[in-house]
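Below: one structure, written as structure tokens.
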Amino acid sequence: MATRIVLYTGKGGVGKTSVAAATARRIAAGGARVLVVSTDPAHSLADVLDAEVGADPTPVAPGLEALQLNDRAELTRHWSAVRDWASRTLVGRGVDRISAEELSVPPGLEELLSLLRLVELRDAGDHDVIVVDCAPTAETLRLLSFPDLAHWWLTRIVPRQEDLLGTVRPLARAVLDITLPDKTVLDELARMMESLLAMRALFVDREHVSMRLVTTADRVVIEESRRTYTALGLHGVATDAVIVNRLFPDDVGPYFAGWRDRQQEQLGGIEDAFAPLPILQAPFFDREVVGAQALDRLADALYGGVRPEDVLHVGLSRELEIDEDGARLRIAVPLADREDVALRRAGDELVVEVGGRRRAVLLPPAIAHYRPTGASLRDGVLDVTLRPPAPPESA
């Protein structure tokens with residue numbers, strides 16, 4: 001049986017680590033072998049679980065192990081040869097050794113290498129379910145774009161690396177006074193790129209892998225979650241639920257009544273924006289969500305009548321494809337008739353109206369200026385074609 005992977009991401013501070021830990025405890029209580037993994041550099045998983053969590057799977061409850069990925073350890077495993085070569089080259093060019101060591105590691109690389117560990121954990125088959133507390137949304141989305149670079153490298157550079165090195169090495173030594181990487185360095189790069197492609201395959205495995213967005217009912221946080229949802233669709237990553245955390249209960253008293261009213265208004269917008277994804281809700285508890293009892297209380301609020309290990313939404317909800325000619329957006333609009341559907345642009349959003357209900361789709365910046373040029377409705381899926389505006393005719 002293939003390992004089920006459930007990933008949680010969201011803006012920093014929305015409680016995604018607590019949600020991931022509560023989910024893992026709930027699934028383990030049902031008898032599954034569960035691993036909860038944190039790739040978040042904040043390293044708060046141990047604090048939330050109120051338990052020691054190491055760089056290897058550590059038992060924290062019956063059927064449940066926890067793992068805090070160690071960025072430095074993953075860097076040593078995947079990048080040591082490249083780092084040594086880059087450091088030597090920089091020192092040879094006059095950079096001090098400490099600065100050279102820092103410059104030899106590109107920004108974001110440590111977090112990226114931590115994500116590669118997920119492929120190994122899945123392939124090991126030691127757990128039925130892996131629950132992942134991802135880095136905040138902006139970092140997670142940036143890392144998801146790396147496999148495209150890996151594909152370019154493996155198809156264009158790796159097959160020709162010997163020819164390229166043979167041609168360029170004498171010139172580099174004579175003119176640039178640098179030493180080009182040897183085969184060991186390039187082989188390490190190629191292995192990492194292959195691992196990136198495997199990670200890409202993991203993230204787009206819609207049968208076994210789901211992303212869940214954790215948000216609060218605050219406008220700024222919701223807007224980031226919407227952008228994340230669009231970007232995940234662009235990368236082919238399936239989102240199967242939205243978690244709305246820290247909702248004020250009815251009996252908050254007059255001081256927080258205004259906050260609660262605004263949250264309820266925003267909650268209606270969340271349901272419209274993310275439909276047909278299930279929206280799971282959790283209240284703002286009267287104490288910090290730390291430790292087994294508090295995490296189980298959070299799980300009870302979130303998953304009443306729901307098995308968190310299941311795929312909570314099956315089928316197309318929203319999918320965006322971009323090629324050199326334009327873009328194609330597919331949106332699930334079940335039970336809609338053709339005459340009920342209308343499209344219009346509003347700033348960088350594509351507004352879809354179906355049967356009197358409106359849904360605004362935030363377009364990625366790269367195609368925010370595109371215009372809809374055609375649309376069709378078939379089998380409950382609205383298929384919209386977008387093209388860049390035609391260049392102005394010269395006089």
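Residues in the structure tokens are numbered from 1 in each chain, the chains being A, B, ... in the order shown, and ligands are numbered from 1 in the order shown.
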
So that I can see what lies close to region 23-38 of chain A, please list as a ChimeraX atom specification the residues with an atom at most 7 Å from it, counting only C-alpha atoms and leaving out residues fewer than 2 positions away in the same chain. /A:19-21,40,45,63-69,127-134,296,299,308-309

Selection near Leu202 (chain A), 12 Å with only C-alpha atoms, sequence-local residues under 2 positions removed, as number ranges by chain: A: 2-7, 115-123, 144, 147, 195-200, 204-211, 235-238

Would you mind reading off the distance between CA of Gln266 (chain A) and CA of Thr216 (chain A), one decimal, in Å? 9.3 Å

From the DSSP assignment of the backbone, select every residue of region 331-386 of chain A that is helix (DSSP H, G or I), and format the answer as a PyMOL selection string. chain A and resi 338-340+365-367

Tell me, as a count of residues only, which residues lie within 7 Å of Ile279 (chain A), counting only C-alpha atoms; anything in the same chain fewer than 3 positions away does not count. 5

Nearest candidate to Leu350 (chain A) (options A:Pro389, A:Gly12, A:Gly269, A:Pro372; using only C-alpha atoms): A:Pro372

For Ala46 (chain A), please output as a PyMOL selection string all residues within 10 Å (counting only C-alpha atoms; exclusion window: fewer than 2 positions along the same chain). chain A and resi 17+21+38+43-44+48-54+60+66-68+290-291

Next, write the just-selected residues to a file, as a short mmCIF file (atom, residue, chain, number, x, y, z; two decimals), in the first residue's frame, keeping N, CA, C and O atoms as the atom set.
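Contents of the output file result-v8.cif:
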```
data_model
loop_
_atom_site.label_atom_id
_atom_site.label_comp_id
_atom_site.auth_asym_id
_atom_site.auth_seq_id
_atom_site.Cartn_x
_atom_site.Cartn_y
_atom_site.Cartn_z
N THR A 17 1.60 24.40 12.34
CA THR A 17 2.33 23.35 13.05
C THR A 17 1.40 22.63 14.03
O THR A 17 1.42 21.40 14.13
N ALA A 21 0.35 18.66 13.79
CA ALA A 21 0.57 17.76 14.91
C ALA A 21 -0.73 17.14 15.39
O ALA A 21 -0.80 15.94 15.70
N SER A 38 8.50 18.06 10.17
CA SER A 38 8.52 19.50 10.00
C SER A 38 9.70 19.89 9.11
O SER A 38 10.84 19.53 9.38
N HIS A 43 11.42 25.34 13.59
CA HIS A 43 11.67 24.24 14.53
C HIS A 43 10.73 24.29 15.74
O HIS A 43 11.15 24.14 16.88
N SER A 44 9.43 24.48 15.49
CA SER A 44 8.48 24.57 16.60
C SER A 44 7.70 23.28 16.83
O SER A 44 6.85 23.23 17.72
N VAL A 48 5.28 22.28 20.13
CA VAL A 48 3.85 22.01 20.04
C VAL A 48 3.52 20.62 20.60
O VAL A 48 2.53 20.45 21.32
N LEU A 49 4.35 19.63 20.27
CA LEU A 49 4.13 18.28 20.78
C LEU A 49 4.50 18.15 22.26
O LEU A 49 4.11 17.18 22.91
N ASP A 50 5.26 19.12 22.76
CA ASP A 50 5.77 19.07 24.14
C ASP A 50 6.55 17.77 24.35
O ASP A 50 6.36 17.05 25.33
N ALA A 51 7.45 17.50 23.38
CA ALA A 51 8.24 16.27 23.42
C ALA A 51 9.55 16.50 22.70
O ALA A 51 9.68 17.42 21.88
N GLU A 52 10.53 15.67 23.01
CA GLU A 52 11.80 15.73 22.31
C GLU A 52 11.63 15.18 20.90
O GLU A 52 11.07 14.11 20.71
N VAL A 53 12.10 15.94 19.91
CA VAL A 53 12.01 15.53 18.51
C VAL A 53 13.41 15.66 17.90
O VAL A 53 14.01 16.73 17.96
N GLY A 54 13.90 14.57 17.32
CA GLY A 54 15.24 14.57 16.78
C GLY A 54 15.28 14.67 15.28
O GLY A 54 14.26 14.85 14.61
N VAL A 60 6.82 9.61 19.77
CA VAL A 60 6.27 10.63 20.66
C VAL A 60 4.90 10.24 21.20
O VAL A 60 4.39 10.89 22.12
N ALA A 66 7.91 11.47 15.23
CA ALA A 66 8.08 12.85 14.79
C ALA A 66 9.51 13.04 14.31
O ALA A 66 10.44 12.39 14.79
N LEU A 67 9.67 13.96 13.38
CA LEU A 67 10.98 14.21 12.79
C LEU A 67 11.10 15.70 12.46
O LEU A 67 10.25 16.24 11.75
N GLN A 68 12.12 16.33 12.99
CA GLN A 68 12.45 17.71 12.62
C GLN A 68 13.64 17.65 11.69
O GLN A 68 14.74 17.29 12.10
N VAL A 290 -0.72 23.38 23.02
CA VAL A 290 0.56 22.72 23.25
C VAL A 290 0.30 21.46 24.07
O VAL A 290 -0.43 21.49 25.05
N GLY A 291 0.89 20.35 23.64
CA GLY A 291 0.75 19.11 24.38
C GLY A 291 -0.38 18.24 23.86
O GLY A 291 -1.24 18.68 23.08
#
```

So, with only C-alpha atoms as the atoms that count, which of A:Ala217, A:Ile222, A:Leu277, A:Ala301 lies closest to Ala22 (chain A)? A:Ala301

Extract, using only C-alpha atoms, all DNA, RNA and protein residues at most 10 Å from region 328-333 of chain A, discarding same-chain residues fewer than 6 positions from it, and format them as number ranges by chain. A: 233-234, 275-276, 315-322, 341, 350, 352-355, 361, 363, 372, 374-387

Write a file of the selected residues as an mmCIF file, in the first residue's frame, keeping N, CA and C atoms.
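Here's the written file again_22.cif:
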```cif
data_model
loop_
_atom_site.group_PDB
_atom_site.id
_atom_site.type_symbol
_atom_site.label_atom_id
_atom_site.label_comp_id
_atom_site.auth_asym_id
_atom_site.auth_seq_id
_atom_site.Cartn_x
_atom_site.Cartn_y
_atom_site.Cartn_z
ATOM 1 N N GLY A 233 -2.185 25.255 -7.942
ATOM 2 C CA GLY A 233 -2.784 24.717 -9.161
ATOM 3 C C GLY A 233 -1.858 24.861 -10.345
ATOM 4 N N LEU A 234 -1.143 25.978 -10.407
ATOM 5 C CA LEU A 234 -0.188 26.190 -11.487
ATOM 6 C C LEU A 234 0.889 25.116 -11.480
ATOM 7 N N ALA A 275 -14.644 27.251 -2.828
ATOM 8 C CA ALA A 275 -15.574 26.189 -3.208
ATOM 9 C C ALA A 275 -15.096 25.521 -4.499
ATOM 10 N N PRO A 276 -15.210 24.189 -4.609
ATOM 11 C CA PRO A 276 -15.926 23.266 -3.729
ATOM 12 C C PRO A 276 -15.048 22.570 -2.687
ATOM 13 N N GLY A 315 -11.257 15.153 -7.570
ATOM 14 C CA GLY A 315 -11.686 15.767 -8.809
ATOM 15 C C GLY A 315 -11.131 17.164 -8.963
ATOM 16 N N LEU A 316 -11.357 17.687 -10.115
ATOM 17 C CA LEU A 316 -10.843 19.014 -10.453
ATOM 18 C C LEU A 316 -11.568 20.081 -9.648
ATOM 19 N N SER A 317 -10.808 20.931 -9.004
ATOM 20 C CA SER A 317 -11.399 22.121 -8.381
ATOM 21 C C SER A 317 -10.955 23.354 -9.162
ATOM 22 N N ARG A 318 -9.684 23.426 -9.438
ATOM 23 C CA ARG A 318 -9.175 24.493 -10.281
ATOM 24 C C ARG A 318 -7.811 24.066 -10.810
ATOM 25 N N GLU A 319 -7.576 24.322 -12.077
ATOM 26 C CA GLU A 319 -6.320 23.914 -12.689
ATOM 27 C C GLU A 319 -5.910 24.977 -13.705
ATOM 28 N N LEU A 320 -4.651 25.353 -13.664
ATOM 29 C CA LEU A 320 -4.144 26.388 -14.553
ATOM 30 C C LEU A 320 -2.920 25.868 -15.287
ATOM 31 N N GLU A 321 -2.944 25.959 -16.613
ATOM 32 C CA GLU A 321 -1.811 25.562 -17.435
ATOM 33 C C GLU A 321 -1.354 26.761 -18.254
ATOM 34 N N ILE A 322 -0.046 26.931 -18.364
ATOM 35 C CA ILE A 322 0.521 28.048 -19.124
ATOM 36 C C ILE A 322 1.514 27.495 -20.137
ATOM 37 N N VAL A 341 -23.495 31.028 -16.799
ATOM 38 C CA VAL A 341 -22.079 31.337 -16.588
ATOM 39 C C VAL A 341 -21.705 32.647 -17.265
ATOM 40 N N LEU A 350 -9.864 37.124 -12.457
ATOM 41 C CA LEU A 350 -10.875 36.680 -13.403
ATOM 42 C C LEU A 350 -12.111 36.323 -12.581
ATOM 43 N N VAL A 352 -15.698 34.818 -12.134
ATOM 44 C CA VAL A 352 -16.609 33.834 -12.718
ATOM 45 C C VAL A 352 -17.923 33.905 -11.960
ATOM 46 N N GLU A 353 -19.006 34.141 -12.672
ATOM 47 C CA GLU A 353 -20.334 34.178 -12.063
ATOM 48 C C GLU A 353 -21.143 32.989 -12.568
ATOM 49 N N VAL A 354 -21.657 32.202 -11.641
ATOM 50 C CA VAL A 354 -22.429 31.007 -11.983
ATOM 51 C C VAL A 354 -23.699 31.012 -11.141
ATOM 52 N N GLY A 355 -24.841 31.117 -11.818
ATOM 53 C CA GLY A 355 -26.108 31.048 -11.106
ATOM 54 C C GLY A 355 -26.245 32.064 -10.001
ATOM 55 N N VAL A 361 -10.964 34.566 -9.227
ATOM 56 C CA VAL A 361 -9.741 33.776 -9.327
ATOM 57 C C VAL A 361 -8.577 34.741 -9.524
ATOM 58 N N LEU A 363 -5.149 35.718 -10.665
ATOM 59 C CA LEU A 363 -4.208 35.200 -11.649
ATOM 60 C C LEU A 363 -2.771 35.457 -11.193
ATOM 61 N N PRO A 372 -9.395 36.886 -21.262
ATOM 62 C CA PRO A 372 -10.106 35.688 -21.730
ATOM 63 C C PRO A 372 -10.525 35.837 -23.183
ATOM 64 N N GLY A 374 -11.880 32.927 -24.897
ATOM 65 C CA GLY A 374 -12.854 31.886 -25.194
ATOM 66 C C GLY A 374 -13.177 31.091 -23.951
ATOM 67 N N ALA A 375 -14.349 30.490 -23.931
ATOM 68 C CA ALA A 375 -14.758 29.685 -22.781
ATOM 69 C C ALA A 375 -15.765 28.641 -23.227
ATOM 70 N N SER A 376 -15.682 27.477 -22.582
ATOM 71 C CA SER A 376 -16.657 26.418 -22.858
ATOM 72 C C SER A 376 -17.006 25.725 -21.554
ATOM 73 N N LEU A 377 -18.198 25.155 -21.511
ATOM 74 C CA LEU A 377 -18.654 24.435 -20.332
ATOM 75 C C LEU A 377 -19.025 23.022 -20.747
ATOM 76 N N ARG A 378 -18.362 22.053 -20.128
ATOM 77 C CA ARG A 378 -18.620 20.662 -20.487
ATOM 78 C C ARG A 378 -18.427 19.780 -19.254
ATOM 79 N N ASP A 379 -19.405 18.950 -18.977
ATOM 80 C CA ASP A 379 -19.341 17.997 -17.863
ATOM 81 C C ASP A 379 -18.996 18.682 -16.544
ATOM 82 N N GLY A 380 -19.586 19.852 -16.325
ATOM 83 C CA GLY A 380 -19.387 20.531 -15.053
ATOM 84 C C GLY A 380 -18.059 21.232 -14.901
ATOM 85 N N VAL A 381 -17.280 21.376 -15.999
ATOM 86 C CA VAL A 381 -15.985 22.044 -15.935
ATOM 87 C C VAL A 381 -15.987 23.221 -16.902
ATOM 88 N N LEU A 382 -15.716 24.406 -16.381
ATOM 89 C CA LEU A 382 -15.579 25.600 -17.202
ATOM 90 C C LEU A 382 -14.142 25.701 -17.681
ATOM 91 N N ASP A 383 -13.961 25.756 -18.999
ATOM 92 C CA ASP A 383 -12.641 25.774 -19.618
ATOM 93 C C ASP A 383 -12.444 27.151 -20.269
ATOM 94 N N VAL A 384 -11.530 27.950 -19.708
ATOM 95 C CA VAL A 384 -11.321 29.323 -20.164
ATOM 96 C C VAL A 384 -9.945 29.445 -20.817
ATOM 97 N N THR A 385 -9.914 30.015 -22.000
ATOM 98 C CA THR A 385 -8.649 30.298 -22.689
ATOM 99 C C THR A 385 -8.288 31.755 -22.501
ATOM 100 N N LEU A 386 -7.030 32.009 -22.116
ATOM 101 C CA LEU A 386 -6.544 33.368 -21.903
ATOM 102 C C LEU A 386 -5.343 33.608 -22.809
ATOM 103 N N ARG A 387 -5.275 34.791 -23.365
ATOM 104 C CA ARG A 387 -4.178 35.142 -24.263
ATOM 105 C C ARG A 387 -3.644 36.530 -23.885
#
```
